[in-house]
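Enquirer: Coordinates in coords10.txt, compact mmCIF, C-alpha atoms, are listed below.
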```txt
# COMPACT_ATOMS: atom_id res chain seq x y z
CA MET A 1 -26.77 5.51 8.43
CA ASN A 2 -29.00 3.90 5.81
CA LEU A 3 -27.41 0.84 4.19
CA SER A 4 -29.34 1.43 0.96
CA GLU A 5 -27.57 4.77 0.58
CA ILE A 6 -24.04 3.35 1.06
CA ALA A 7 -22.05 2.66 -2.08
CA TYR A 8 -19.31 0.61 -0.42
CA ARG A 9 -19.27 -2.94 0.90
CA ARG A 10 -15.78 -3.06 2.47
CA VAL A 11 -13.64 -0.10 3.58
CA VAL A 12 -10.02 0.15 4.74
CA VAL A 13 -9.29 3.07 7.07
CA LYS A 14 -5.65 4.10 7.53
CA LEU A 15 -4.79 6.31 10.49
CA GLY A 16 -1.44 8.08 10.62
CA THR A 17 0.52 8.77 13.80
CA SER A 18 -0.25 12.49 13.54
CA VAL A 19 -3.98 11.70 13.58
CA LEU A 20 -3.73 9.33 16.55
CA THR A 21 -1.63 11.74 18.61
CA SER A 22 -3.29 14.96 17.38
CA GLY A 23 0.24 16.29 16.89
CA SER A 24 1.27 15.62 20.52
CA LYS A 25 3.71 13.06 21.92
CA GLN A 26 1.03 10.69 23.18
CA LEU A 27 -2.05 8.89 21.90
CA ASP A 28 -5.15 11.10 21.91
CA LYS A 29 -7.63 8.60 23.36
CA ALA A 30 -10.50 11.09 23.14
CA HIS A 31 -10.02 11.41 19.39
CA MET A 32 -9.41 7.68 18.97
CA VAL A 33 -12.76 6.87 20.58
CA GLU A 34 -14.46 9.29 18.18
CA LEU A 35 -12.87 7.50 15.22
CA ALA A 36 -13.89 4.14 16.72
CA ARG A 37 -17.46 5.43 17.03
CA GLN A 38 -17.55 6.29 13.32
CA MET A 39 -16.15 2.90 12.30
CA ALA A 40 -18.61 1.12 14.62
CA ALA A 41 -21.46 3.02 12.96
CA LEU A 42 -20.28 1.73 9.60
CA MET A 43 -20.19 -1.83 10.91
CA ARG A 44 -23.76 -1.50 12.24
CA SER A 45 -24.81 -0.31 8.78
CA GLY A 46 -23.44 -3.45 7.17
CA VAL A 47 -20.15 -2.00 5.87
CA GLU A 48 -17.12 -4.10 6.77
CA VAL A 49 -14.17 -2.12 8.17
CA VAL A 50 -10.44 -2.92 8.19
CA LEU A 51 -8.25 -0.60 10.28
CA CYS A 52 -4.62 0.03 9.35
CA THR A 53 -3.13 1.86 12.31
CA SER A 54 0.17 3.59 12.90
CA GLY A 55 1.33 4.68 16.34
CA ALA A 56 3.15 1.69 17.89
CA ILE A 57 6.45 3.53 18.40
CA ALA A 58 4.66 6.63 19.73
CA ALA A 59 2.67 4.41 22.13
CA GLY A 60 5.89 2.71 23.24
CA ARG A 61 7.56 6.02 24.03
CA GLU A 62 4.53 7.14 26.00
CA HIS A 63 4.27 3.89 27.99
CA LEU A 64 7.98 4.00 28.89
CA GLN A 65 7.65 7.67 29.85
CA TYR A 66 9.68 9.04 26.95
CA PRO A 67 13.11 7.45 27.49
CA VAL A 68 16.14 9.06 25.85
CA LEU A 69 17.46 6.37 23.51
CA PRO A 70 19.99 6.39 20.66
CA ASP A 71 18.28 6.44 17.26
CA THR A 72 19.10 2.83 16.32
CA MET A 73 17.06 0.10 14.63
CA ALA A 74 17.17 -1.99 17.83
CA ASN A 75 15.74 0.84 19.92
CA LYS A 76 12.99 1.54 17.39
CA GLN A 77 12.11 -2.14 17.51
CA LEU A 78 12.16 -2.00 21.31
CA LEU A 79 9.66 0.86 21.28
CA ALA A 80 7.52 -0.92 18.69
CA ALA A 81 7.52 -4.15 20.72
CA VAL A 82 6.35 -2.30 23.85
CA GLY A 83 4.01 0.04 22.01
CA GLN A 84 2.24 -2.47 19.78
CA SER A 85 0.64 -4.20 22.77
CA GLN A 86 -0.42 -0.83 24.19
CA LEU A 87 -1.84 0.26 20.82
CA ILE A 88 -3.90 -2.89 20.28
CA LEU A 89 -5.08 -2.76 23.92
CA ALA A 90 -6.28 0.81 23.40
CA TRP A 91 -8.19 -0.10 20.23
CA SER A 92 -9.65 -3.22 21.86
CA GLN A 93 -10.96 -1.18 24.78
CA LEU A 94 -12.35 1.57 22.57
CA PHE A 95 -14.18 -0.76 20.17
CA SER A 96 -15.53 -2.79 23.10
CA ILE A 97 -17.55 0.31 24.05
CA TYR A 98 -19.55 -0.39 20.87
CA GLY A 99 -19.71 -4.16 21.39
CA LEU A 100 -17.06 -4.96 18.77
CA HIS A 101 -14.08 -7.29 18.93
CA VAL A 102 -10.77 -6.71 17.15
CA GLY A 103 -8.15 -9.05 15.70
CA GLN A 104 -4.50 -8.10 15.15
CA LEU A 105 -2.47 -8.78 11.99
CA LEU A 106 1.20 -7.79 12.05
CA LEU A 107 2.70 -7.96 8.56
CA THR A 108 6.00 -7.42 6.78
CA ARG A 109 6.81 -7.34 3.10
CA ALA A 110 7.94 -10.95 3.45
CA ASP A 111 4.33 -11.92 4.22
CA LEU A 112 3.25 -10.24 1.00
CA HIS A 113 6.19 -11.50 -1.08
CA ASP A 114 5.37 -15.19 -0.79
CA ARG A 115 2.21 -16.06 -2.71
CA GLU A 116 1.07 -18.69 -0.17
CA ARG A 117 1.57 -16.37 2.82
CA TYR A 118 -0.19 -13.61 0.89
CA LEU A 119 -3.21 -15.85 0.38
CA ASN A 120 -3.11 -16.98 4.04
CA ALA A 121 -3.19 -13.34 5.18
CA ARG A 122 -6.15 -12.75 2.86
CA ASP A 123 -7.99 -15.76 4.31
CA THR A 124 -7.40 -14.48 7.86
CA LEU A 125 -8.75 -11.04 6.96
CA ASN A 126 -11.85 -12.52 5.36
CA ALA A 127 -12.45 -14.86 8.32
CA LEU A 128 -12.29 -11.98 10.80
CA LEU A 129 -14.70 -9.89 8.74
CA ALA A 130 -17.08 -12.83 8.32
CA HIS A 131 -17.37 -12.97 12.12
CA ASN A 132 -17.94 -9.22 12.50
CA ILE A 133 -14.46 -8.71 13.97
CA ILE A 134 -12.48 -5.61 12.97
CA PRO A 135 -9.01 -6.56 11.63
CA ILE A 136 -6.35 -4.17 12.88
CA ILE A 137 -3.23 -4.16 10.71
CA ASN A 138 0.20 -2.72 11.38
CA GLU A 139 3.70 -3.40 10.15
CA ASN A 140 5.57 -5.85 12.38
CA ASP A 141 8.18 -3.24 13.31
CA ALA A 142 9.50 -5.27 16.24
CA VAL A 143 11.07 -7.84 13.91
CA ALA A 144 11.14 -6.17 10.49
CA THR A 145 14.44 -5.07 8.98
CA ASN A 146 14.79 -2.46 6.27
CA GLU A 147 15.05 -5.26 3.70
CA ILE A 148 11.63 -6.74 4.55
CA LYS A 149 9.72 -3.65 5.64
CA VAL A 150 6.91 -2.26 3.54
CA GLY A 151 8.24 0.97 5.04
CA ASP A 152 5.14 3.04 5.68
CA ASN A 153 1.55 2.32 6.59
CA ASP A 154 0.18 4.20 3.59
CA ASN A 155 1.53 1.53 1.25
CA LEU A 156 0.69 -1.19 3.78
CA SER A 157 -2.93 -0.02 3.84
CA ALA A 158 -3.09 -0.14 0.03
CA ARG A 159 -1.83 -3.71 0.12
CA ALA A 160 -4.37 -4.52 2.82
CA ALA A 161 -7.09 -3.07 0.59
CA LEU A 162 -5.98 -5.42 -2.18
CA LEU A 163 -5.74 -8.36 0.23
CA CYS A 164 -9.34 -8.01 1.38
CA ASP A 165 -10.80 -6.84 -1.96
CA ALA A 166 -11.98 -3.52 -0.52
CA ASP A 167 -14.09 -0.97 -2.38
CA LEU A 168 -12.66 2.11 -0.67
CA LEU A 169 -9.38 3.12 0.98
CA ILE A 170 -9.50 6.15 3.30
CA LEU A 171 -6.12 7.69 4.16
CA LEU A 172 -6.57 10.00 7.14
CA THR A 173 -3.77 12.44 7.83
CA ASP A 174 -2.98 15.87 9.31
CA GLN A 175 -3.74 17.58 5.99
CA LYS A 176 -7.11 18.24 4.33
CA GLY A 177 -5.95 16.44 1.20
CA LEU A 178 -3.67 17.08 -1.77
CA PHE A 179 -3.13 20.74 -2.66
CA ASP A 180 -1.95 22.40 -5.88
CA ALA A 181 0.95 23.88 -3.87
CA ASP A 182 2.49 23.28 -0.46
CA PRO A 183 -0.04 24.83 1.99
CA ARG A 184 2.72 25.27 4.58
CA THR A 185 4.45 27.85 2.37
CA HIS A 186 1.64 28.93 0.02
CA PRO A 187 -1.37 30.26 1.96
CA ASN A 188 -3.41 30.51 -1.24
CA ALA A 189 -2.91 26.85 -2.14
CA LYS A 190 -6.13 25.18 -3.30
CA LEU A 191 -7.34 21.71 -2.42
CA ILE A 192 -7.49 19.27 -5.34
CA SER A 193 -10.85 17.61 -4.81
CA GLN A 194 -10.75 15.07 -7.65
CA VAL A 195 -7.91 13.13 -9.29
CA GLU A 196 -8.47 10.99 -12.37
CA LYS A 197 -4.81 10.29 -13.20
CA ILE A 198 -1.61 10.15 -11.15
CA ASP A 199 1.27 11.50 -13.22
CA ASP A 200 4.70 13.06 -12.66
CA SER A 201 3.30 16.58 -12.32
CA LEU A 202 1.02 15.42 -9.51
CA ARG A 203 3.88 13.65 -7.74
CA LEU A 204 5.85 16.90 -7.71
CA LEU A 205 3.15 18.42 -5.52
CA ALA A 206 3.66 15.78 -2.81
CA GLY A 207 5.82 16.86 0.12
CA GLY A 208 7.16 15.18 3.24
CA SER A 209 5.63 14.39 6.62
CA VAL A 210 4.41 17.60 8.26
CA SER A 211 4.43 16.44 11.87
CA GLY A 212 7.73 14.58 11.88
CA LEU A 213 6.01 11.89 13.99
CA GLY A 214 5.35 9.35 11.26
CA THR A 215 7.13 7.77 8.29
CA GLY A 216 4.62 8.78 5.62
CA GLY A 217 4.16 12.01 3.72
CA MET A 218 1.91 12.94 0.82
CA SER A 219 4.24 11.16 -1.62
CA THR A 220 3.65 7.79 0.07
CA LYS A 221 -0.09 8.46 -0.02
CA LEU A 222 0.10 8.99 -3.78
CA GLU A 223 1.98 5.70 -4.11
CA ALA A 224 -0.71 3.98 -2.05
CA ALA A 225 -3.49 5.60 -4.06
CA ASP A 226 -1.88 4.47 -7.32
CA ILE A 227 -1.64 0.85 -6.13
CA ALA A 228 -5.22 0.76 -4.87
CA ARG A 229 -6.88 2.46 -7.83
CA ARG A 230 -5.19 0.06 -10.27
CA ALA A 231 -7.04 -2.70 -8.43
CA GLY A 232 -10.38 -0.94 -8.86
CA ILE A 233 -10.42 0.62 -5.37
CA GLU A 234 -11.46 4.23 -4.80
CA VAL A 235 -9.17 6.29 -2.54
CA VAL A 236 -9.77 9.39 -0.44
CA ILE A 237 -7.09 11.42 1.37
CA ALA A 238 -8.65 13.59 4.07
CA SER A 239 -8.06 15.19 7.45
CA GLY A 240 -8.44 12.80 10.35
CA HIS A 241 -9.80 15.64 12.47
CA HIS A 242 -12.63 16.71 10.16
CA PRO A 243 -15.94 16.13 12.02
CA ASP A 244 -17.49 12.75 11.09
CA VAL A 245 -14.85 12.37 8.35
CA ILE A 246 -15.23 8.60 7.91
CA LYS A 247 -19.00 8.75 7.78
CA LYS A 248 -18.95 11.64 5.31
CA VAL A 249 -16.37 10.06 3.00
CA VAL A 250 -18.37 6.82 2.85
CA ALA A 251 -21.49 8.88 2.10
CA LYS A 252 -19.53 10.38 -0.84
CA GLU A 253 -19.58 13.92 0.49
CA SER A 254 -16.98 16.23 -1.06
CA ILE A 255 -14.22 16.00 1.54
CA GLY A 256 -10.48 15.78 0.92
CA THR A 257 -9.02 14.48 -2.34
CA HIS A 258 -10.84 11.68 -4.14
CA PHE A 259 -8.97 9.34 -6.50
CA SER A 260 -11.13 7.52 -9.02
CA ALA A 261 -10.65 3.80 -9.43
CA ILE A 262 -9.43 2.50 -12.78
CA GLU A 263 -12.42 1.02 -14.59
CA ASN A 264 -10.73 -2.22 -15.66
CA PRO A 265 -8.97 -3.39 -12.49
CA LEU A 266 -6.13 -5.88 -12.48
CA GLU A 267 -7.01 -9.50 -11.91
CA SER A 268 -5.90 -11.13 -8.66
CA ARG A 269 -2.49 -12.43 -9.71
CA LYS A 270 -1.46 -9.09 -11.19
CA GLN A 271 -2.63 -7.32 -8.04
CA TRP A 272 -0.18 -9.51 -6.12
CA ILE A 273 2.63 -8.71 -8.57
CA LEU A 274 1.96 -5.00 -8.08
CA ALA A 275 1.46 -4.98 -4.31
CA GLY A 276 3.33 -7.94 -2.91
CA PRO A 277 6.91 -8.82 -3.78
CA ALA A 278 9.76 -6.33 -3.59
CA ALA A 279 11.64 -6.02 -6.88
CA GLN A 280 14.85 -8.06 -6.70
CA GLY A 281 16.42 -6.56 -9.81
CA SER A 282 15.72 -4.67 -12.99
CA LEU A 283 15.91 -5.10 -16.75
CA VAL A 284 16.77 -2.17 -19.00
CA LEU A 285 14.74 -2.17 -22.22
CA ASP A 286 15.51 -0.60 -25.57
CA ALA A 287 13.00 1.75 -27.19
CA GLY A 288 11.42 -0.99 -29.29
CA ALA A 289 10.81 -3.23 -26.29
CA VAL A 290 9.37 -0.32 -24.27
CA LYS A 291 6.88 0.34 -27.07
CA ALA A 292 6.03 -3.35 -27.41
CA VAL A 293 5.35 -3.69 -23.68
CA THR A 294 3.53 -0.39 -23.05
CA GLU A 295 1.64 0.17 -26.29
CA LYS A 296 1.23 -3.19 -28.00
CA GLY A 297 0.51 -5.46 -25.02
CA ARG A 298 3.44 -7.77 -25.80
CA SER A 299 5.58 -9.98 -23.59
CA LEU A 300 9.22 -9.00 -23.05
CA LEU A 301 11.66 -10.87 -25.28
CA SER A 302 15.41 -11.23 -24.80
CA LYS A 303 16.17 -9.17 -27.92
CA GLY A 304 14.80 -6.01 -26.27
CA ILE A 305 16.93 -6.24 -23.12
CA ILE A 306 20.06 -4.06 -23.07
CA GLY A 307 20.90 -4.30 -19.37
CA VAL A 308 20.48 -6.66 -16.40
CA LYS A 309 20.84 -5.33 -12.84
CA GLY A 310 20.85 -7.35 -9.62
CA GLU A 311 21.25 -10.99 -8.68
CA PHE A 312 18.02 -12.96 -8.77
CA GLU A 313 16.58 -16.39 -9.41
CA ARG A 314 13.94 -17.54 -11.86
CA GLY A 315 10.51 -16.46 -10.60
CA ALA A 316 11.76 -13.21 -9.04
CA THR A 317 9.79 -9.98 -9.40
CA LEU A 318 11.69 -7.38 -11.45
CA GLN A 319 11.29 -3.79 -12.52
CA LEU A 320 11.33 -3.11 -16.24
CA VAL A 321 12.90 0.28 -16.95
CA ASP A 322 13.64 2.35 -20.01
CA GLN A 323 17.08 3.72 -20.91
CA ASN A 324 16.45 6.79 -18.73
CA GLY A 325 15.77 4.63 -15.69
CA LYS A 326 12.02 5.24 -15.65
CA ILE A 327 10.05 2.25 -14.36
CA ILE A 328 7.53 1.18 -16.97
CA ALA A 329 6.39 -2.19 -15.59
CA ARG A 330 6.80 -4.89 -12.94
CA GLY A 331 6.84 -8.57 -13.74
CA ILE A 332 8.00 -12.08 -12.92
CA THR A 333 11.02 -13.34 -14.81
CA ARG A 334 11.22 -16.82 -16.31
CA TYR A 335 15.04 -16.75 -16.29
CA CYS A 336 17.59 -16.06 -13.55
CA GLY A 337 19.87 -13.04 -13.63
CA GLU A 338 22.94 -15.00 -14.68
CA ALA A 339 21.09 -16.51 -17.65
CA LEU A 340 19.68 -13.15 -18.68
CA GLY A 341 23.19 -11.70 -18.71
CA LEU A 342 24.06 -14.25 -21.39
CA ILE A 343 20.96 -13.95 -23.59
CA ALA A 344 20.22 -10.19 -23.31
CA GLY A 345 20.03 -8.69 -26.78
CA LYS A 346 19.86 -12.07 -28.51
CA HIS A 347 17.00 -13.45 -30.59
CA SER A 348 14.63 -15.89 -28.90
CA ASP A 349 15.71 -18.74 -31.18
CA GLU A 350 19.26 -18.43 -29.81
CA ILE A 351 18.30 -19.01 -26.15
CA GLU A 352 18.64 -22.80 -26.13
CA SER A 353 21.96 -22.80 -27.97
CA VAL A 354 23.41 -20.25 -25.51
CA LEU A 355 22.01 -21.67 -22.26
CA GLY A 356 21.53 -25.34 -23.11
CA TYR A 357 17.88 -25.10 -22.08
CA ASP A 358 14.82 -23.03 -22.91
CA TYR A 359 11.94 -21.83 -20.68
CA GLY A 360 10.19 -20.24 -23.64
CA ASP A 361 10.56 -17.11 -25.75
CA ALA A 362 9.09 -14.71 -23.16
CA ILE A 363 11.49 -13.44 -20.51
CA VAL A 364 8.57 -11.77 -18.72
CA HIS A 365 5.25 -13.03 -20.06
CA ARG A 366 2.41 -10.58 -20.53
CA ASN A 367 0.32 -12.54 -18.02
CA ASP A 368 3.02 -12.05 -15.40
CA MET A 369 3.43 -8.31 -16.00
CA VAL A 370 1.86 -5.09 -14.72
CA VAL A 371 2.46 -2.06 -16.93
CA LEU A 372 2.80 1.14 -14.92
```
Would you mind writing the file out in structure tokens?

Expert:
Amino acid sequence: MNLSEIAYRRVVVKLGTSVLTSGSKQLDKAHMVELARQMAALMRSGVEVVLCTSGAIAAGREHLQYPVLPDTMANKQLLAAVGQSQLILAWSQLFSIYGLHVGQLLLTRADLHDRERYLNARDTLNALLAHNIIPIINENDAVATNEIKVGDNDNLSARAALLCDADLLILLTDQKGLFDADPRTHPNAKLISQVEKIDDSLRLLAGGSVSGLGTGGMSTKLEAADIARRAGIEVVIASGHHPDVIKKVVAKESIGTHFSAIENPLESRKQWILAGPAAQGSLVLDAGAVKAVTEKGRSLLSKGIIGVKGEFERGATLQLVDQNGKIIARGITRYCGEALGLIAGKHSDEIESVLGYDYGDAIVHRNDMVVL
């Protein structure tokens, strides 16, 4: 592969469980070594590769010879704890064939929520890549609870792409890409090769997981694509079993569904607001505030708030929603939930008289807000 012909400097490859198992109950090592070969070829060409891999629970089941266990969180964590070591061992052995070392990063949403831990994870990723080591990322399922889980490796891979400032995110799955109808029930469904905008009509086309082996479906891939492209990262959804799929996607061949990056990507802090912290509450905005935030580039003022939901402290990440419940933005609040309950709907010049203190007119400042 000729480096002069490659348009990307750093690529994140996400592999779903259905790709790693080829639809079976165990890891398909023959296919995994083929994927490792393609990623190694990229590394030799000067393209840095980050691997976001699913498959820990499937590997755990295989290693324990498919035990019959109740479907509880503890048992899933048991399988993940056993399987994660088997998964990383498999990848280490496969990449060693091509003279490459790997480094493991197990993350939860909590690691992305805290700004300092977020930056530490970014530094670790960059250090591994600087030493020609392939970072292998997975959710830390052995300790993660539902409250701190990212939830699926599609969204985790998008956050990894933001962490390492990637140019391209490749989501490999058991489907050829996004279709204009469900190909499982519509044999004449056509592949959508190019997407410039992710809207509600496109989200309606996204179905669930086909294999039943993983946690992600096409809807989570759209969510991941939306996060990444807002940060200026191109995204491709393609079949993990297409011959030389990684090589061909990086060479910009027409494979799968390509999502164009937004031309004016978010700066670093806003990328973190979008991809890192889980929303701890929401503010309901009146029509005037919605227009001010989405069309006029304004900060959110107390006058435009007609509802406060959740208990949260100052500095929490919140969702801003309209009166129909549609999320229009995410941002960091300068007031706690209790205070906002008192000043919602009031003019900014009333804040100090109501609360006895004043952190400024803006409840969510424009610099701390990502409009969706």

Enquirer: Can you pull out every residue within 9 Å of A:Gly60, counting only C-alpha atoms, but drop anything in the same chain fewer than 4 positions away, and send it as a PyMOL selection string?

Expert: chain A and resi 55-56+64-66+78-87

Enquirer: Counting only C-alpha atoms, note down every residue that has an atom within 9 Å of the point (23.0, -13.3, -9.4) (file coordinates), as a list of chain:residue names.

Expert: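 Those within range, by chain then number, are A:Lys309, A:Gly310, A:Glu311, A:Phe312, A:Glu313, A:Cys336, A:Gly337, A:Glu338.
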
Enquirer: What are the nearest atom pairs, with distances in Å to one decimal, for all residues of stretch 32-140 of chain A that come at most 12 Å from stretch 239-245 of chain A, using all atoms listed in the file, set out by chain and rising residue number as CSV?

Expert:
```
residue,atom,partner,partner_atom,distance
A:Met32,CA,A:Gly240,CA,10.1
A:Glu34,CA,A:Asp244,CA,8.5
A:Leu35,CA,A:Asp244,CA,8.1
A:Ala36,CA,A:Asp244,CA,10.9
A:Arg37,CA,A:Asp244,CA,9.4
A:Gln38,CA,A:Asp244,CA,6.8
A:Met39,CA,A:Asp244,CA,10.0
A:Ala41,CA,A:Asp244,CA,10.7
A:Leu42,CA,A:Asp244,CA,11.5
```

Enquirer: Can you tell me how far atom CA of A:Ala275 sits from atom CA of A:Ala251, in Å to one decimal?

Expert: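 Straight-line distance from atom CA of A:Ala275 to atom CA of A:Ala251 works out to 27.6 Å.
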
Enquirer: What does the distance between atom CA of A:Arg314 and atom CA of A:Glu350 come to in Å, to one decimal place?

Expert: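 A separation of 18.7 Å between them.
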
Enquirer: Interatomic distance between atom CA of A:Ser193 and atom CA of A:Ser254?

Expert: 7.3 Å

Enquirer: With distances taken over all atoms listed in the file, which of A:Ala160, A:Asp174, A:Val33, A:Ile137 is nearest to A:Ser18?

Expert: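 The closest residue to A:Ser18 is A:Asp174.
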
Enquirer: Pick the closest to A:Ala130 from A:Leu191, A:Val321, A:Val236, A:Val50: which is it, counting all atoms listed in the file?

Expert: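 So, comparing all the options, the nearest one is A:Val50.
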
Enquirer: List the residues sitting within 7 Å of (-8.0, 9.7, 1.6) in the file's frame, using all atoms listed in the file, as a count of residues only.

Expert: 11

Enquirer: If you count only C-alpha atoms, which residues fall within 8 Å of A:Gly345, apart from same-chain ones fewer than 3 positions away, as a list of chain:residue names?

Expert: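 Surrounding residues, per the criterion: A:Ser302, A:Lys303, A:Gly304, A:Ile305, A:Ile306.
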
Enquirer: Considering all atoms listed in the file, state which residue in the set A:Asp200, A:Glu139, A:Glu48, A:Asp152 is at the smallest distance from A:Lys326.

Expert: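 Checking each candidate against A:Lys326, we get A:Asp200 as the closest.
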
Enquirer: Tell me, as a count of residues only, which residues lie within 8 Å of A:Val364, counting only C-alpha atoms; anything in the same chain fewer than 5 positions away does not count.

Expert: 8

Enquirer: Compile the contact shell of stretch 10-12 of chain A as a JSON list (two decimals) with C-alpha atoms, keeping the file's coordinate frame: residues with an atom at most 8 Å away, counting all atoms listed in the file, same-chain residues fewer than 2 positions apart removed.

Expert:
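File selection36.json, as written:
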```json
[["chain", "number", "residue", "atom", "x", "y", "z"],
["A", 8, "TYR", "CA", -19.31, 0.61, -0.42],
["A", 14, "LYS", "CA", -5.65, 4.10, 7.53],
["A", 47, "VAL", "CA", -20.15, -2.00, 5.87],
["A", 48, "GLU", "CA", -17.12, -4.10, 6.77],
["A", 49, "VAL", "CA", -14.17, -2.12, 8.17],
["A", 50, "VAL", "CA", -10.44, -2.92, 8.19],
["A", 51, "LEU", "CA", -8.25, -0.60, 10.28],
["A", 52, "CYS", "CA", -4.62, 0.03, 9.35],
["A", 157, "SER", "CA", -2.93, -0.02, 3.84],
["A", 160, "ALA", "CA", -4.37, -4.52, 2.82],
["A", 161, "ALA", "CA", -7.09, -3.07, 0.59],
["A", 165, "ASP", "CA", -10.80, -6.84, -1.96],
["A", 166, "ALA", "CA", -11.98, -3.52, -0.52],
["A", 167, "ASP", "CA", -14.09, -0.97, -2.38],
["A", 168, "LEU", "CA", -12.66, 2.11, -0.67],
["A", 169, "LEU", "CA", -9.38, 3.12, 0.98],
["A", 170, "ILE", "CA", -9.50, 6.15, 3.30]]
```

Enquirer: Taking into account all atoms listed in the file, which residue in the set A:Val370, A:Leu156, A:Leu285, A:Ile343 is nearest to A:Leu15?

Expert: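 Between A:Val370, A:Leu156, A:Leu285, A:Ile343, the residue approaching A:Leu15 most closely is A:Leu156.
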
Enquirer: My list of candidates is A:Gln77, A:His131, A:Asn138, A:Asp349. Which is closest to A:Thr17 when distances are computed with all atoms listed in the file?

Expert: A:Asn138

Enquirer: Which residues are close to stretch 118-126 of chain A, i.e. within 8 Å by all atoms listed in the file, leaving aside same-chain residues fewer than 4 positions away? Reply as a list in words.

Expert: Asp111, Leu112, His113, Asp114, Ala130, Pro135, Leu163, Cys164 and Gly276 of chain A

Enquirer: Taking into account all atoms listed in the file, which residue in the set A:Lys221, A:Arg159, A:His186, A:His63 is nearest to A:Thr108?

Expert: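 Looking at the shortest contact to A:Thr108, the residue is A:Arg159.
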